[in-house]
Amino acid sequence: MTTVLLVDDEPGVLFTLNELLVERGHRVVTARSGNEALSKLDEADAVLTDLSMPGMDGLELMGHVVQRDATMPVILLTAHGSERVAVAAMKQGAYDYLTKPFDIDEVAVVIERALEARRLRVDNRRLAAEQTLGRRIIGASRTMRRLLEATSRVASRDVTVLVRGETGTGKEFVAELLHAQSARAKQPLVRFNCAALPAELADAELFGHVKGAFTGATTGRPGFFAQADGGTLILDEVGELPLPIQAKLLRALQEGEIQPVGSGRIDRVNVRVVASTNRDLAADAKAGTFREDLYYRLAVVELVVPPLRDRKDDIPALAEEFARRYGDRFGLGTVTLEPALIDALARADWPGNVRQLENTIARLAALSAGGVIGLADYQAATGDLAPSLSNSHGDDADDAHPPLDGRAGPSLKEQVEAFERGLVARALESAGGNQSEAARRLGVSRVTLIDKLKKYGLGTKR
């Protein structure tokens, strides 16, 4: 359901328009002033505002809306004789204008056109990003739509971004999306996990080193900043970066300068940094465990990725996308999820967020023989990676775990063979169809591999 924000200081106008739009199936949010409207803007899909209001007028409000969300259509209500101002406003970003006294049917038509225009703009941006990333973007829930729209706006502005969220929410994907929608999209995208290395090695990995800089440095090596020159550097778990390295990172961000370990030279780099963390860096900065000046330099723009519990509307689409993805990866063909299973997954608790949901679907696919996966298959595969469907809310929550029946799903032999088939198919694909290389990666002889290929009807490309 789409939401229209109505802004007018006249209660009678708000009442009339509210009745009209609700009757047409829209959700309506009202505001009596421009300032009140700004506090409700995140709820809206379109704005219909009076041009002349005390305090912040419609033009000023429109400026704030366009700056916050360029895809949000703004329609102005003008008094007779103000058409010239309205036309000028359209040149500044207004979608359309209506003259008071307005025609009810005309208002409905303009609103519908505006909402459709917004949907097309958002879809076009999403399709372009999907082509760049090579995978689908799932985000129909309101919270994710807001995040994706904010990501699209920020992507085109060459600023440092801090992506924050719980573990498993998809912070890495948002960081990649920022790069894919930016002017740097065709330049390098480099990722560095700040928690993976001690301070000494992190210094050399980020900023590079020269030959002989430390024991084992038999050759010089450019760091991740140099490798990302002209493009984007993603700093995963930046809150784990050792304090000694934080000062060098701050200099790289402020001055665009890096100094390789063991070198006396200063190198210039042009890199956009996108950092991610599951920690509250503002609190860490106050506690003295993270440099406050670095925090403010990283968080020029801060994007928060919502946990899966706050975007449950997306679970069915996410689950189906993961089923398709792992069906292809495991060589199972089309894999679909039983509607009852999808419903149960949508009601379950996911403390591990999207990553836990993906791992659960991957496990179900790996243990299946393909085709339709149902609740019984879930029960048979339940383990550490799977959520407890008994935590689902509703009177029928107990029905999420039907009695295990050998006839309800694939046999153990069938599940093991499906898993083995997936391993063989992936090894062959990663080896470019080379059977000898695929056999080596699987740790079996080439003869054994050929037997498996014949058994599962896989390709025979050499």
# chains A, B, ... in the order shown; residues from 1 in each chain; ligands from 1
call {"tool": "closest_atom_pairs", "arguments": {"of": "segment 45-77 of chain A", "to": "segment 102-111 of chain A", "cutoff": "12 Å", "atoms": "only C-alpha atoms", "output": "tab-separated table"}}
result
residue	atom	partner	partner_atom	distance
A:Asp45	CA	A:Ile111	CA	10.3
A:Ala46	CA	A:Ile111	CA	7.8
A:Val47	CA	A:Ile111	CA	9.0
A:Leu48	CA	A:Ile111	CA	8.2
A:Thr49	CA	A:Ile111	CA	11.8
A:Asp50	CA	A:Phe102	CA	11.7
A:Met72	CA	A:Ile111	CA	11.8
A:Pro73	CA	A:Ile111	CA	9.0
A:Val74	CA	A:Ile111	CA	9.5
A:Ile75	CA	A:Ile111	CA	8.0
A:Leu76	CA	A:Val107	CA	10.7
A:Leu77	CA	A:Phe102	CA	8.3
call {"tool": "select_by_dssp", "arguments": {"residues": "segment 210-341 of chain A", "states": "strand (DSSP E or B)", "output": "PDB file with N, CA and C atoms, in the first residue's frame"}}
result
ATOM      1  N   ARG A 221      55.401  -4.564  -2.010  1.00  0.00           N
ATOM      2  CA  ARG A 221      54.019  -4.897  -2.373  1.00  0.00           C
ATOM      3  C   ARG A 221      53.119  -3.688  -2.148  1.00  0.00           C
ATOM      4  N   THR A 232      37.037   2.193  -5.021  1.00  0.00           N
ATOM      5  CA  THR A 232      36.455   2.170  -3.681  1.00  0.00           C
ATOM      6  C   THR A 232      37.155   1.132  -2.826  1.00  0.00           C
ATOM      7  N   LEU A 233      37.438   1.484  -1.566  1.00  0.00           N
ATOM      8  CA  LEU A 233      38.000   0.558  -0.593  1.00  0.00           C
ATOM      9  C   LEU A 233      36.964   0.322   0.493  1.00  0.00           C
ATOM     10  N   ILE A 234      36.553  -0.932   0.665  1.00  0.00           N
ATOM     11  CA  ILE A 234      35.606  -1.297   1.718  1.00  0.00           C
ATOM     12  C   ILE A 234      36.388  -1.797   2.918  1.00  0.00           C
ATOM     13  N   LEU A 235      36.194  -1.147   4.060  1.00  0.00           N
ATOM     14  CA  LEU A 235      36.848  -1.554   5.299  1.00  0.00           C
ATOM     15  C   LEU A 235      35.828  -2.274   6.169  1.00  0.00           C
ATOM     16  N   ASP A 236      35.825  -3.605   6.112  1.00  0.00           N
ATOM     17  CA  ASP A 236      34.898  -4.401   6.918  1.00  0.00           C
ATOM     18  C   ASP A 236      35.336  -4.378   8.379  1.00  0.00           C
ATOM     19  N   GLU A 257      46.935  10.753   1.395  1.00  0.00           N
ATOM     20  CA  GLU A 257      48.346  10.380   1.378  1.00  0.00           C
ATOM     21  C   GLU A 257      48.567   9.104   2.186  1.00  0.00           C
ATOM     22  N   ILE A 258      49.436   8.224   1.666  1.00  0.00           N
ATOM     23  CA  ILE A 258      49.808   7.004   2.373  1.00  0.00           C
ATOM     24  C   ILE A 258      51.319   6.863   2.368  1.00  0.00           C
ATOM     25  N   VAL A 261      55.077   0.856   4.503  1.00  0.00           N
ATOM     26  CA  VAL A 261      55.938   0.459   5.606  1.00  0.00           C
ATOM     27  C   VAL A 261      57.384   0.320   5.111  1.00  0.00           C
ATOM     28  N   ASP A 267      52.960   8.628  -0.907  1.00  0.00           N
ATOM     29  CA  ASP A 267      52.234   8.400  -2.160  1.00  0.00           C
ATOM     30  C   ASP A 267      50.847   9.032  -2.076  1.00  0.00           C
ATOM     31  N   ARG A 268      50.402   9.594  -3.188  1.00  0.00           N
ATOM     32  CA  ARG A 268      49.052  10.162  -3.264  1.00  0.00           C
ATOM     33  C   ARG A 268      48.096   9.114  -3.834  1.00  0.00           C
ATOM     34  N   ARG A 272      37.780   6.246  -2.554  1.00  0.00           N
ATOM     35  CA  ARG A 272      36.583   6.448  -1.726  1.00  0.00           C
ATOM     36  C   ARG A 272      36.512   5.306  -0.721  1.00  0.00           C
ATOM     37  N   VAL A 273      36.340   5.645   0.550  1.00  0.00           N
ATOM     38  CA  VAL A 273      36.287   4.625   1.598  1.00  0.00           C
ATOM     39  C   VAL A 273      34.849   4.432   2.064  1.00  0.00           C
ATOM     40  N   VAL A 274      34.444   3.170   2.101  1.00  0.00           N
ATOM     41  CA  VAL A 274      33.168   2.782   2.696  1.00  0.00           C
ATOM     42  C   VAL A 274      33.498   1.817   3.824  1.00  0.00           C
ATOM     43  N   ALA A 275      33.164   2.206   5.061  1.00  0.00           N
ATOM     44  CA  ALA A 275      33.474   1.373   6.218  1.00  0.00           C
ATOM     45  C   ALA A 275      32.206   0.721   6.749  1.00  0.00           C
ATOM     46  N   SER A 276      32.354  -0.470   7.334  1.00  0.00           N
ATOM     47  CA  SER A 276      31.210  -1.144   7.930  1.00  0.00           C
ATOM     48  C   SER A 276      31.567  -1.613   9.335  1.00  0.00           C
ATOM     49  N   THR A 277      30.554  -1.696  10.192  1.00  0.00           N
ATOM     50  CA  THR A 277      30.777  -2.139  11.557  1.00  0.00           C
ATOM     51  C   THR A 277      29.472  -2.604  12.185  1.00  0.00           C
ATOM     52  N   VAL A 301      28.483  10.270   6.076  1.00  0.00           N
ATOM     53  CA  VAL A 301      27.113   9.779   5.935  1.00  0.00           C
ATOM     54  C   VAL A 301      27.055   8.418   6.618  1.00  0.00           C
ATOM     55  N   GLU A 302      26.029   8.185   7.416  1.00  0.00           N
ATOM     56  CA  GLU A 302      25.878   6.915   8.117  1.00  0.00           C
ATOM     57  C   GLU A 302      24.604   6.223   7.652  1.00  0.00           C
ATOM     58  N   LEU A 303      24.739   5.010   7.173  1.00  0.00           N
ATOM     59  CA  LEU A 303      23.599   4.206   6.747  1.00  0.00           C
ATOM     60  C   LEU A 303      23.442   3.038   7.710  1.00  0.00           C
ATOM     61  N   VAL A 304      22.217   2.810   8.168  1.00  0.00           N
ATOM     62  CA  VAL A 304      21.946   1.729   9.113  1.00  0.00           C
ATOM     63  C   VAL A 304      21.148   0.636   8.407  1.00  0.00           C
ATOM     64  N   VAL A 335      14.555 -25.309  -7.728  1.00  0.00           N
ATOM     65  CA  VAL A 335      14.217 -25.636  -6.341  1.00  0.00           C
ATOM     66  C   VAL A 335      13.177 -24.632  -5.860  1.00  0.00           C
ATOM     67  N   THR A 336      12.052 -25.123  -5.385  1.00  0.00           N
ATOM     68  CA  THR A 336      11.003 -24.245  -4.871  1.00  0.00           C
ATOM     69  C   THR A 336      10.707 -24.601  -3.427  1.00  0.00           C
ATOM     70  N   LEU A 337      10.195 -23.627  -2.691  1.00  0.00           N
ATOM     71  CA  LEU A 337       9.860 -23.808  -1.280  1.00  0.00           C
ATOM     72  C   LEU A 337       8.352 -23.919  -1.125  1.00  0.00           C
TER      73      LEU A 337
END
call {"tool": "atom_distance", "arguments": {"atom1": "atom CA of Asp57 of chain A", "atom2": "atom CA of Glu112 of chain A"}}
result
23.9 Å
call {"tool": "residues_around", "arguments": {"residues": "Val372 of chain A", "least_positions_apart": "5", "cutoff": "12 Å", "atoms": "only C-alpha atoms", "output": "PyMOL selection string"}}
result
chain A and resi 320+323-324+327+332-342+364-365+377-378+408-410
call {"tool": "write_last_selection", "arguments": {"atoms": "C-alpha atoms", "output": "short mmCIF file (atom, residue, chain, number, x, y, z; two decimals), in the first residue's frame"}}
result
data_model
loop_
_atom_site.label_atom_id
_atom_site.label_comp_id
_atom_site.auth_asym_id
_atom_site.auth_seq_id
_atom_site.Cartn_x
_atom_site.Cartn_y
_atom_site.Cartn_z
CA GLU A 320 12.97 -17.93 -2.75
CA ALA A 323 16.55 -21.40 -3.09
CA ARG A 324 17.04 -20.43 -6.75
CA GLY A 327 19.58 -24.87 -6.67
CA LEU A 332 19.70 -29.34 -8.62
CA GLY A 333 17.79 -27.44 -11.28
CA THR A 334 14.65 -25.63 -10.12
CA VAL A 335 14.22 -25.64 -6.34
CA THR A 336 11.00 -24.24 -4.87
CA LEU A 337 9.86 -23.81 -1.28
CA GLU A 338 6.51 -25.10 -0.09
CA PRO A 339 4.15 -22.18 0.77
CA ALA A 340 3.71 -23.52 4.31
CA LEU A 341 7.50 -23.49 4.78
CA ILE A 342 7.80 -19.94 3.45
CA LEU A 364 18.02 -27.39 2.93
CA ALA A 365 19.00 -27.30 -0.75
CA ASP A 377 12.52 -31.39 4.93
CA TYR A 378 13.19 -28.50 7.28
CA ALA A 408 7.13 -36.93 3.71
CA GLY A 409 10.49 -36.14 2.10
CA PRO A 410 13.55 -37.58 0.37
#
call {"tool": "residues_around", "arguments": {"residues": "Tyr295 of chain A", "least_positions_apart": "4", "cutoff": "9 Å", "atoms": "only C-alpha atoms", "output": "PDB file with N, CA and C atoms, in the first residue's frame"}}
result
ATOM      1  N   LEU A 162      29.740   5.350   6.397  1.00  0.00           N
ATOM      2  CA  LEU A 162      29.806   4.318   7.424  1.00  0.00           C
ATOM      3  C   LEU A 162      28.516   3.518   7.388  1.00  0.00           C
ATOM      4  N   LEU A 281      30.213   2.939  17.099  1.00  0.00           N
ATOM      5  CA  LEU A 281      31.493   3.648  17.089  1.00  0.00           C
ATOM      6  C   LEU A 281      31.425   4.979  17.827  1.00  0.00           C
ATOM      7  N   ALA A 282      30.244   5.600  17.860  1.00  0.00           N
ATOM      8  CA  ALA A 282      30.104   6.850  18.608  1.00  0.00           C
ATOM      9  C   ALA A 282      30.369   6.598  20.090  1.00  0.00           C
ATOM     10  N   ALA A 285      34.045   5.851  20.582  1.00  0.00           N
ATOM     11  CA  ALA A 285      34.848   7.079  20.531  1.00  0.00           C
ATOM     12  C   ALA A 285      34.816   7.803  21.875  1.00  0.00           C
ATOM     13  N   PHE A 290      38.114   4.090  20.265  1.00  0.00           N
ATOM     14  CA  PHE A 290      38.165   4.395  18.840  1.00  0.00           C
ATOM     15  C   PHE A 290      38.370   5.897  18.707  1.00  0.00           C
ATOM     16  N   ARG A 291      39.234   6.302  17.785  1.00  0.00           N
ATOM     17  CA  ARG A 291      39.541   7.727  17.636  1.00  0.00           C
ATOM     18  C   ARG A 291      38.296   8.511  17.249  1.00  0.00           C
ATOM     19  N   ALA A 299      32.112   8.751   9.293  1.00  0.00           N
ATOM     20  CA  ALA A 299      30.652   8.847   9.294  1.00  0.00           C
ATOM     21  C   ALA A 299      30.163  10.165   8.709  1.00  0.00           C
ATOM     22  N   VAL A 300      30.754  10.573   7.566  1.00  0.00           N
ATOM     23  CA  VAL A 300      30.214  11.750   6.870  1.00  0.00           C
ATOM     24  C   VAL A 300      28.742  11.482   6.549  1.00  0.00           C
TER      25      VAL A 300
END
call {"tool": "closest_residue", "arguments": {"among": "A:Lys211, A:Lys454, A:Arg279, A:Arg297", "to": "Glu240 of chain A", "atoms": "only C-alpha atoms"}}
result
A:Arg279
call {"tool": "select_by_dssp", "arguments": {"residues": "segment 1-41 of chain A", "states": "alpha helix (DSSP H)", "output": "list of chain:residue names"}}
result
A:Pro11, A:Gly12, A:Val13, A:Leu14, A:Phe15, A:Thr16, A:Leu17, A:Asn18, A:Glu19, A:Leu20, A:Leu21, A:Val22, A:Glu23, A:Gly34, A:Asn35, A:Glu36, A:Ala37, A:Leu38, A:Ser39, A:Lys40
call {"tool": "residues_around", "arguments": {"residues": "segment 19-36 of chain A", "least_positions_apart": "5", "cutoff": "8 Å", "atoms": "only C-alpha atoms", "output": "VMD selection string"}}
result
chain A and resid 1 to 11 14 43 to 44 53 to 58 61 104 108
call {"tool": "write_last_selection", "arguments": {"atoms": "C-alpha atoms", "output": "compact mmCIF listing (two decimals), in the first residue's frame"}}
result
# COMPACT_ATOMS: atom_id res chain seq x y z
CA MET A 1 0.00 0.00 0.00
CA THR A 2 1.38 3.40 -0.98
CA THR A 3 1.42 6.34 1.44
CA VAL A 4 0.67 9.95 0.53
CA LEU A 5 1.76 12.79 2.81
CA LEU A 6 -0.78 15.67 2.76
CA VAL A 7 0.48 19.06 3.93
CA ASP A 8 -1.89 22.00 4.39
CA ASP A 9 -2.68 24.43 7.19
CA GLU A 10 -6.41 24.22 6.40
CA PRO A 11 -8.13 21.31 8.22
CA LEU A 14 -6.80 17.88 4.67
CA GLU A 43 6.64 7.34 5.85
CA ALA A 44 5.66 8.76 2.46
CA MET A 53 1.66 28.16 4.34
CA PRO A 54 2.86 30.02 7.45
CA GLY A 55 6.51 29.36 8.28
CA MET A 56 8.00 26.89 5.83
CA ASP A 57 6.07 27.21 2.57
CA GLY A 58 5.57 24.55 -0.08
CA LEU A 61 9.45 22.01 1.82
CA ILE A 104 -11.39 15.64 -7.08
CA ALA A 108 -6.66 11.32 -7.98
call {"tool": "closest_residue", "arguments": {"among": "A:Ser430, A:Gln92, A:Thr143, A:Asn124", "to": "Leu442 of chain A", "atoms": "only C-alpha atoms"}}
result
A:Ser430
call {"tool": "residues_around", "arguments": {"residues": "Ala140 of chain A", "least_positions_apart": "5", "cutoff": "12 Å", "atoms": "only C-alpha atoms", "output": "list in words"}}
result
Met1, Thr2, Arg119, Val122, Asp123, Arg126, Arg145, Arg146, Leu147, Leu148, Glu149, Arg311, Lys312, Asp313, Asp314, Ile315, Pro316, Ala317 and Leu318 of chain A
